[in-house]
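A.B. asks: So that we are looking at the same thing, I have put the structure below in structure tokens.
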Amino acid sequence: MRNRIDRRTLLRGLLGGAAVGLALPTFEIFLDAHGEAMAGGSAFPSRFGLWFWGNGIGPDPTQWVPTGTGANYTLSPILAPLAPVQGDITVVSGLQVNTPNTMPHGTGPAGILTGARVGPNGTNGVTLDQLIANQIGGTTQNHSLELSVDPVTTTPSYSQAGQSNPPETSPAALFNTLFGPTFRLPGSNVPPDPKLGLRRSVLDAVGADAKALRVRLGSADQQRLDQHLASVRDLEQQIANLQAAPPVLAACSMPPAPAAAYPDVGGLPQLSAISRAMSDILVLSLACDQQRVFTFQFSHPVNNLLYANTTEGHHQLTHDELGAQPMVQSILHTILGEATYFIQALKKVQEGNATLLDHCGVLFMTDVSDGKSHAVNEYPLFLAGSANGALQTGIHYRDLGENASKLGLTLLQAFGVAATSFGSDEGLVTQGLPALVGNT
Amino acid sequence: MSDARSSSRLRAPLALGATLLLAACSGLIGDRAADDAPVTLDPAPSTLHRLTQAQYTNALQDLLGSAVVVPTALEPDLEVDGFYTVGGSVGSVSARGVGQYETAAFQVAGQALAAGPARDALVGCTPAGDADAACAGSFLATFGRRAWRRPLAADELARVTAVATGAGTTLNDFYQGLAFGIAALLESPNFLYRVELGTPVPGQHGVFRYQGYELASRLAFFLWNTTPDDALLDAAGQGQLDGDDGLAAQVDRLLASPRAHAALQNFFSERFLLDQLAGLSKDTTVFPAMSADFGSSAREETLLLVDQLLMVENADYRDLFTTDRTFVDRKMASLYGVAAPSLTSFGEVTLPAGGMRRGVLGHAGLLALYAHPTSTSPTLRGKFVREVLLCATVPSPPANVNTALPQATTAGPTLRDRLLAHESVPFCAACHRAMDPIGLGLENFDGLGQFRLLDNGAHIDATGSLDGAAFANPVQLGADVAAHPDLGPCLVRQMVRYAQAAPEIPGEDAEIARLASDFADMGNSVPYLLRAVALSPAFRTATESP
């Protein structure tokens with residue numbers, strides 16, 4: 001089912017009643033007219049997500065690490081909000097980033113998501129989510145989707161060294177992009193807008209311009225232009241998908257429109273309201289198969305966001321608050337509460353005999369373990385969803401001191417990337433974590 | 001790293017071990033040697049420059065009319081070496097950004113092509129049909145020359161004209177079709193990137209010179225922060241920019257325009273990171289005066305003073321740090337405790353005699369920006385003076401250091417008391433000595449820039465020192481900054497950086513030193529500096545790009 005065949009072409013063939021004699025991927029073949037999976041299991045695509053928050057989990061790892069391992073474990077105080085979904089998550093504790101900790105808040109994301117040393121301008125390579133998107137994101141409307149509740153211009157997702165993929169930060173704009181005028185519900189017979197084809201003619205001209213320009217450039221600028229053209233091709237793919245018949249997916253529906261804006265209330269940003277609005281939109285967008293890879297950033301590294309009942313911004317508190325940092329802990333309670341909301345929203349969507357969550361594998365992570373010391377050992381990580389059975393759920397896996405890159409390799413392989421190693425230098429690994437691999 | 005050249009303000013801190021950190025902080029600060037070497041130039045390689053958000057917006061308004069509303073959701077600017085213009089020389093455009101540029105192109109085209117006399121004047125011909133290639137082609141040739149900052153080649157024009165007429169046919173509407181032609185020009189790398197590659201200089205291997213249209217583009221984006229106008233393109237086409245006199249004439253023309261004022265304001269906005277005032281996070285329970293319009297008002301104050309002193313009056317750059325004049329609207333007037341000169345807009349005021357607020361170091365915008373959401377930060381304020389105003393480098397703290405300050409106590413209630421912790425640890429003191437004693441001089445201004453006498457109930461001691469010279473209060477700090485030998489040379493260095501829109505290279509050092517010396521001789525005149533940089537060999541020469 002991990003393929004680059006144009007699914008829309010296949011679906012069109014099926015809908016037209018044509019007998020398609022190719023060795024088609026399971027997903028397309030076994031869908032019935034209602035978009036439900038036939039008996040036989042995981043006919044729905046796997047989706048990968050990265051759910052990120054900034055500033056770590058505080059000075060005391062015991063507040064994070066669950067007691068007991070395997071299936072019989074007890075959630076820790078920080079993870080307590082996840083109790084309703086405990087059976088759907090896997091807590092991974094004890095791993096550490098082995099690359100030199102040269103950049104506070106930068107070493108961790110680079111280490112987890114590229115397995116490599118952090119560069120002078122941030123993460124210095126292509127991140128895990130984009131590697132997976134290159135594998136599974138090719139046929140959907142969007143190659144990947146980056147969102148941020150925290151209104152910033154960067155995310156931990158990098159398609160190229162040193163330049164982060166910028167997020168959408170407005171729920172209204174997100175809604176308009178995914179469910180605005182160009183959106184067609186499954187089964188709708190409205191012919192595609194003729195302007196879609198004309199937009200592609202514009203991109204063809206842009207491609208011809210770029211080709212003529214490219215030969216005049218030095219190699220460094222050629223690489224920049226090539227990256228730009230890869231982005232243009234993503235847009236072409238997006239338009240091509242809008243021209244094709246919408247995928248027949250029973251779970252696909254329009255989310256309610258979010259508020260036009262979410263102004264601060266009492267000087268505090270409405271983080272929870274924004275997060276839930278974005279979660280609702282993202283979840284249905286996944287159900288409509290508009291993309292299979294996403295980055296959901298709740299807050300960015302070093303964010304100084306203000307939360308209720310705290311005396312300083314988040315980052316400043318991680319450095320200034322004494323002892324067990326109760327205010328930092330209360331912020332984490334809010335953040336992981338929103339993570340739980342998102343997981344539950346995925347779980348509410350029925351796809352065939354399972355749920356959307358069962359077809360997802362979402363990595364929840366932050367930028368450091370302790371924000372005060374910028375430590376990157378005892379790295380706080382957990383997964384949600386089994387990615388169609390490729391990942392274990394419902395366990396606490398602990399491996400103290402193990403190279404965190406092994407988690408990255410495990411995830412790449414779970415999503416069908418033909419990788420035999422992940423990372424470089426101190427971060428290099430050639431084996432994953434077998435204990436996290438699912439039974440199917 | 002033995003001089004102040006590497007004044008990087010990349011978001012990524014430098015990766016330094018403890019030893020190097022100490023060495024760096026004792027050796028870096030304020031010891032830039034006098035440059036008496038003969039002027040030589042080893043120019044930077046040419047590179048593509050992606051338009052900054054401001055340049056993109058300005059260019060579209062110049063191309064399609066100032067009334068055009070340009071979407072603000074665009075590929076984010078990347079700050080490198082302290083400037084978005086420099087960031088435009090690295091990196092590319094994300095998938096999301098390509099989509100945003102597409103959306104923006106159709107939005108502005110739709111506005112400009114709304115039926116009416118403005119459209120007819122813009123298009124310049126009356127279409128004979130939905131697919132009138134002659135009319136579409138004549139408009140796209142004229143528009144394309146402005147947008148791409150050079151005439152289009154015949155095949156390029158044919159390509160975009162075919163897009164327009166094809167769309168006109170499909171949509172049965174000439175103007176709707178033309179919008180697709182405009183989009184093809186605006187989504188092209190030839191618009192989104194300044195393509196300035198240089199022309200080989202005969203007899204000088206590997207040396208390239210910016211000439212003609214490429215030089216017009218460089219001049220316009222440096223001095224106007226927007227695309228060249230027709231007069232500049234005409235001059236370029238006639239070869240006038242390739243001679244010193246013709247170039248000087250155009251530089252003087254550009255500098256005489258109001259756009260040069262806006263462009264210098266953009267330089268200072270980038271340099272001081274004033275755009276970040278828009279997203280300022282302040283706790284309103286600590287700062288009840290904080291409001292949604294604070295950031296824009298505070299930014300405007302600084303930009304108005306910069307323009308009035310430096311461009312309108314051609315005053316000495318150093319006055320920016322000592323002046324008792326500023327510009328306030330009602331918001332800023334109430335924050336400063338002065339009478340608002342206007343109920344509806346900004347007006348100039350003279351700050352009260354004997355007051356502590358002088359120059360831009362007393363501007364609420366900078367004071368609030370270089371502070372925390374609930375408190376001041378002498379460290380951040382000192383770092384701003386040290387790095388942005390004086391071009392020294394202060395490394396970031398290493399990753400595994402505990403940067404927590406001790407809590408306030410009855411014996412030591414103030415932030416000054418708590419910051420003494422830095423002084424007690426030699427490892428910390430090495431760098432913090434370069435920042436904290438400066439920032440402590442601004443402690444009379446709280447985290448929103450409001451004057452105060454008390455911190456945590458205790459009287460504020462606003463004494464401090466800059467490179468060993470003690471000062472008693474913020475007014476004296478401003479005077480000491482103004483008198484600092486690195487202040488003028490630092491501005492010159494940054495102006496060259498901004499003009500080149502590419503990371504600094506050692507080969508420009510001698511040229512920068514020459515410009516700095518001239519700048520000082522010319523009474524620290526910023527219009528003089530802009531002109532001198534535009535005419536300098538560094539601005540007009542490149543090596544082959546790698």
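Chain labels follow the order of the structure tokens: the first chain is A, the next B, and so on; residue numbering restarts at 1 in every chain, and ligands are counted from 1 in their shown order.
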Could the residues of chain A within 7 Å of chain B, counting only C-alpha atoms, be given as an NGL selection string, please?
C.D. replies: :A and (101-104 or 120-122 or 153 or 163 or 165 or 198 or 201-202 or 205-206 or 209-210 or 218-221 or 224-225 or 227-228 or 231-232 or 234-235 or 267 or 312-313 or 319-320 or 372-375)
A.B. asks: Can you pull out every residue within 12 Å of B:Thr126, counting only C-alpha atoms, but drop anything in the same chain fewer than 3 positions away, and send it as a PyMOL selection string?
C.D. replies: chain B and resi 117+119-123+129-136+138-139+174-175
A.B. asks: Got time to write the residues from that selection, all heavy atoms, as a CSV table (one decimal), in the first residue's frame?
C.D. replies:
```
chain,number,residue,atom,x,y,z
B,117,PRO,N,-11.1,52.9,-14.8
B,117,PRO,CA,-10.1,53.6,-15.5
B,117,PRO,C,-8.7,53.2,-15.1
B,117,PRO,O,-7.8,53.3,-15.9
B,117,PRO,CB,-10.4,55.1,-15.1
B,117,PRO,CG,-11.5,55.0,-14.1
B,117,PRO,CD,-12.1,53.7,-14.1
B,119,ARG,N,-7.6,50.3,-14.4
B,119,ARG,CA,-7.2,49.1,-15.1
B,119,ARG,C,-6.9,49.5,-16.6
B,119,ARG,O,-5.8,49.0,-17.1
B,119,ARG,CB,-8.4,48.1,-15.2
B,119,ARG,CG,-8.1,46.9,-16.1
B,119,ARG,CD,-9.3,46.0,-16.3
B,119,ARG,NE,-10.3,46.6,-17.2
B,119,ARG,CZ,-11.4,46.1,-17.5
B,119,ARG,NH1,-11.8,45.0,-16.9
B,119,ARG,NH2,-12.3,46.7,-18.3
B,120,ASP,N,-7.7,50.3,-17.2
B,120,ASP,CA,-7.4,50.7,-18.6
B,120,ASP,C,-6.1,51.4,-18.7
B,120,ASP,O,-5.4,51.2,-19.7
B,120,ASP,CB,-8.6,51.5,-19.1
B,120,ASP,CG,-9.9,50.7,-19.0
B,120,ASP,OD1,-9.9,49.5,-18.9
B,120,ASP,OD2,-11.0,51.4,-19.1
B,121,ALA,N,-5.8,52.2,-17.7
B,121,ALA,CA,-4.5,52.9,-17.8
B,121,ALA,C,-3.4,52.0,-17.6
B,121,ALA,O,-2.3,52.1,-18.3
B,121,ALA,CB,-4.5,54.0,-16.7
B,122,LEU,N,-3.6,51.0,-16.7
B,122,LEU,CA,-2.5,50.0,-16.5
B,122,LEU,C,-2.3,49.2,-17.7
B,122,LEU,O,-1.1,49.0,-18.1
B,122,LEU,CB,-2.9,49.1,-15.3
B,122,LEU,CG,-1.9,48.0,-14.9
B,122,LEU,CD1,-0.7,48.6,-14.3
B,122,LEU,CD2,-2.6,47.0,-14.0
B,123,VAL,N,-3.3,48.7,-18.3
B,123,VAL,CA,-3.2,47.7,-19.4
B,123,VAL,C,-2.7,48.5,-20.7
B,123,VAL,O,-1.9,48.0,-21.5
B,123,VAL,CB,-4.5,47.0,-19.7
B,123,VAL,CG1,-4.4,46.1,-20.9
B,123,VAL,CG2,-4.8,46.1,-18.5
B,129,GLY,N,-10.5,41.1,-28.4
B,129,GLY,CA,-11.2,39.8,-28.2
B,129,GLY,C,-10.7,39.2,-26.9
B,129,GLY,O,-9.7,39.7,-26.3
B,130,ASP,N,-11.2,38.0,-26.5
B,130,ASP,CA,-10.8,37.4,-25.3
B,130,ASP,C,-9.4,36.9,-25.3
B,130,ASP,O,-8.7,36.8,-24.3
B,130,ASP,CB,-11.7,36.1,-25.1
B,130,ASP,CG,-13.1,36.5,-24.8
B,130,ASP,OD1,-13.4,37.7,-24.4
B,130,ASP,OD2,-14.0,35.6,-24.9
B,131,ALA,N,-8.9,36.7,-26.5
B,131,ALA,CA,-7.5,36.2,-26.7
B,131,ALA,C,-6.6,37.1,-27.5
B,131,ALA,O,-5.8,36.7,-28.3
B,131,ALA,CB,-7.5,34.8,-27.2
B,132,ASP,N,-6.8,38.4,-27.3
B,132,ASP,CA,-6.0,39.4,-28.1
B,132,ASP,C,-4.6,39.3,-27.7
B,132,ASP,O,-4.1,39.9,-26.7
B,132,ASP,CB,-6.6,40.8,-27.9
B,132,ASP,CG,-5.9,41.8,-28.7
B,132,ASP,OD1,-4.8,41.6,-29.2
B,132,ASP,OD2,-6.5,42.9,-28.9
B,133,ALA,N,-3.8,38.6,-28.5
B,133,ALA,CA,-2.4,38.4,-28.2
B,133,ALA,C,-1.6,39.7,-28.3
B,133,ALA,O,-0.6,39.9,-27.5
B,133,ALA,CB,-1.8,37.3,-29.1
B,134,ALA,N,-2.0,40.6,-29.2
B,134,ALA,CA,-1.2,41.8,-29.3
B,134,ALA,C,-1.3,42.7,-28.1
B,134,ALA,O,-0.4,43.2,-27.6
B,134,ALA,CB,-1.7,42.6,-30.6
B,135,CYS,N,-2.6,42.8,-27.6
B,135,CYS,CA,-2.8,43.7,-26.5
B,135,CYS,C,-2.2,43.0,-25.2
B,135,CYS,O,-1.5,43.7,-24.4
B,135,CYS,CB,-4.3,43.9,-26.3
B,135,CYS,SG,-4.8,45.0,-24.9
B,136,ALA,N,-2.4,41.8,-25.1
B,136,ALA,CA,-1.8,41.1,-23.9
B,136,ALA,C,-0.3,41.2,-23.9
B,136,ALA,O,0.3,41.5,-22.9
B,136,ALA,CB,-2.3,39.6,-23.9
B,138,SER,N,1.6,43.4,-25.4
B,138,SER,CA,2.2,44.7,-25.2
B,138,SER,C,2.1,45.1,-23.7
B,138,SER,O,3.1,45.6,-23.1
B,138,SER,CB,1.4,45.8,-26.0
B,138,SER,OG,0.3,46.2,-25.3
B,139,PHE,N,1.0,44.7,-23.0
B,139,PHE,CA,1.0,45.0,-21.6
B,139,PHE,C,2.0,44.1,-20.8
B,139,PHE,O,2.8,44.6,-20.0
B,139,PHE,CB,-0.4,44.7,-21.0
B,139,PHE,CG,-0.4,44.5,-19.5
B,139,PHE,CD1,-0.2,45.7,-18.7
B,139,PHE,CD2,-0.5,43.3,-18.9
B,139,PHE,CE1,-0.2,45.6,-17.3
B,139,PHE,CE2,-0.4,43.2,-17.5
B,139,PHE,CZ,-0.3,44.4,-16.7
B,174,PHE,N,-10.9,38.5,-21.5
B,174,PHE,CA,-9.5,38.9,-21.7
B,174,PHE,C,-8.8,39.2,-20.4
B,174,PHE,O,-7.7,38.8,-20.2
B,174,PHE,CB,-9.5,40.1,-22.6
B,174,PHE,CG,-8.2,40.7,-22.8
B,174,PHE,CD1,-7.3,40.2,-23.8
B,174,PHE,CD2,-7.8,41.8,-22.0
B,174,PHE,CE1,-6.0,40.8,-23.9
B,174,PHE,CE2,-6.5,42.4,-22.2
B,174,PHE,CZ,-5.6,41.8,-23.1
B,175,TYR,N,-9.5,39.9,-19.5
B,175,TYR,CA,-8.9,40.4,-18.3
B,175,TYR,C,-8.6,39.3,-17.3
B,175,TYR,O,-7.6,39.2,-16.7
B,175,TYR,CB,-9.6,41.6,-17.7
B,175,TYR,CG,-9.6,42.8,-18.6
B,175,TYR,CD1,-10.7,43.1,-19.3
B,175,TYR,CD2,-8.5,43.6,-18.7
B,175,TYR,CE1,-10.7,44.3,-20.2
B,175,TYR,CE2,-8.4,44.7,-19.5
B,175,TYR,CZ,-9.6,45.0,-20.3
B,175,TYR,OH,-9.5,46.1,-21.1
```
A.B. asks: DSSP on the backbone, alpha helix (DSSP H) only: what residues of stretch 112-320 of chain A does that give? Format it as a ChimeraX atom specification.
C.D. replies: /A:112-114,128-136,171-179,194-214,219-243,271-287,314-320
A.B. asks: Excluding A:Gln141 and its own-chain neighbours fewer than 4 positions away, which residues fall within 12 Å of it when counting only C-alpha atoms? Please give them as number ranges by chain.
C.D. replies: A: 6-8, 136-137, 145, 177-178, 182-183, 233-247, 285-286, 288-293; B: 95
A.B. asks: Going by DSSP on the backbone, which bits of stretch 231-446 of chain B are strand (DSSP E or B)? Write them as a ChimeraX atom specification, please.
C.D. replies: /B:316,325-328,347-350,371,376,445
A.B. asks: Print the selection's residues with C-alpha atoms to a file, as an mmCIF file, in the first residue's frame.
C.D. replies:
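Everything below was put into out-v6.cif:
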```cif
data_model
loop_
_atom_site.group_PDB
_atom_site.id
_atom_site.type_symbol
_atom_site.label_atom_id
_atom_site.label_comp_id
_atom_site.auth_asym_id
_atom_site.auth_seq_id
_atom_site.Cartn_x
_atom_site.Cartn_y
_atom_site.Cartn_z
ATOM 1 C CA ASP B 316 25.044 63.358 13.059
ATOM 2 C CA ARG B 325 13.326 65.037 20.849
ATOM 3 C CA THR B 326 11.023 62.228 19.879
ATOM 4 C CA PHE B 327 7.670 61.488 18.233
ATOM 5 C CA VAL B 328 4.615 60.342 20.135
ATOM 6 C CA GLY B 347 3.785 64.601 16.526
ATOM 7 C CA GLU B 348 7.195 65.731 17.653
ATOM 8 C CA VAL B 349 7.787 66.518 21.315
ATOM 9 C CA THR B 350 10.726 67.667 23.371
ATOM 10 C CA ALA B 371 13.130 42.528 27.997
ATOM 11 C CA THR B 376 13.255 43.839 32.326
ATOM 12 C CA PHE B 445 12.696 51.711 32.519
#
```
A.B. asks: Please identify all polymer residues within 12 Å of A:Pro255, counting only C-alpha atoms, omitting same-chain residues fewer than 6 positions from it, and present them as a list in words.
C.D. replies: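 That gives Pro171, Ala172, Leu174, Phe175, Asn176, Leu178, Phe179, Gly180, Phe183, Leu185, Arg276, Ala277, Met278, Ser279, Asp280, Ile281, Leu282, Val283, Leu284, Ser285, Leu286, Ala287, Cys288 and Ala345 of chain A.
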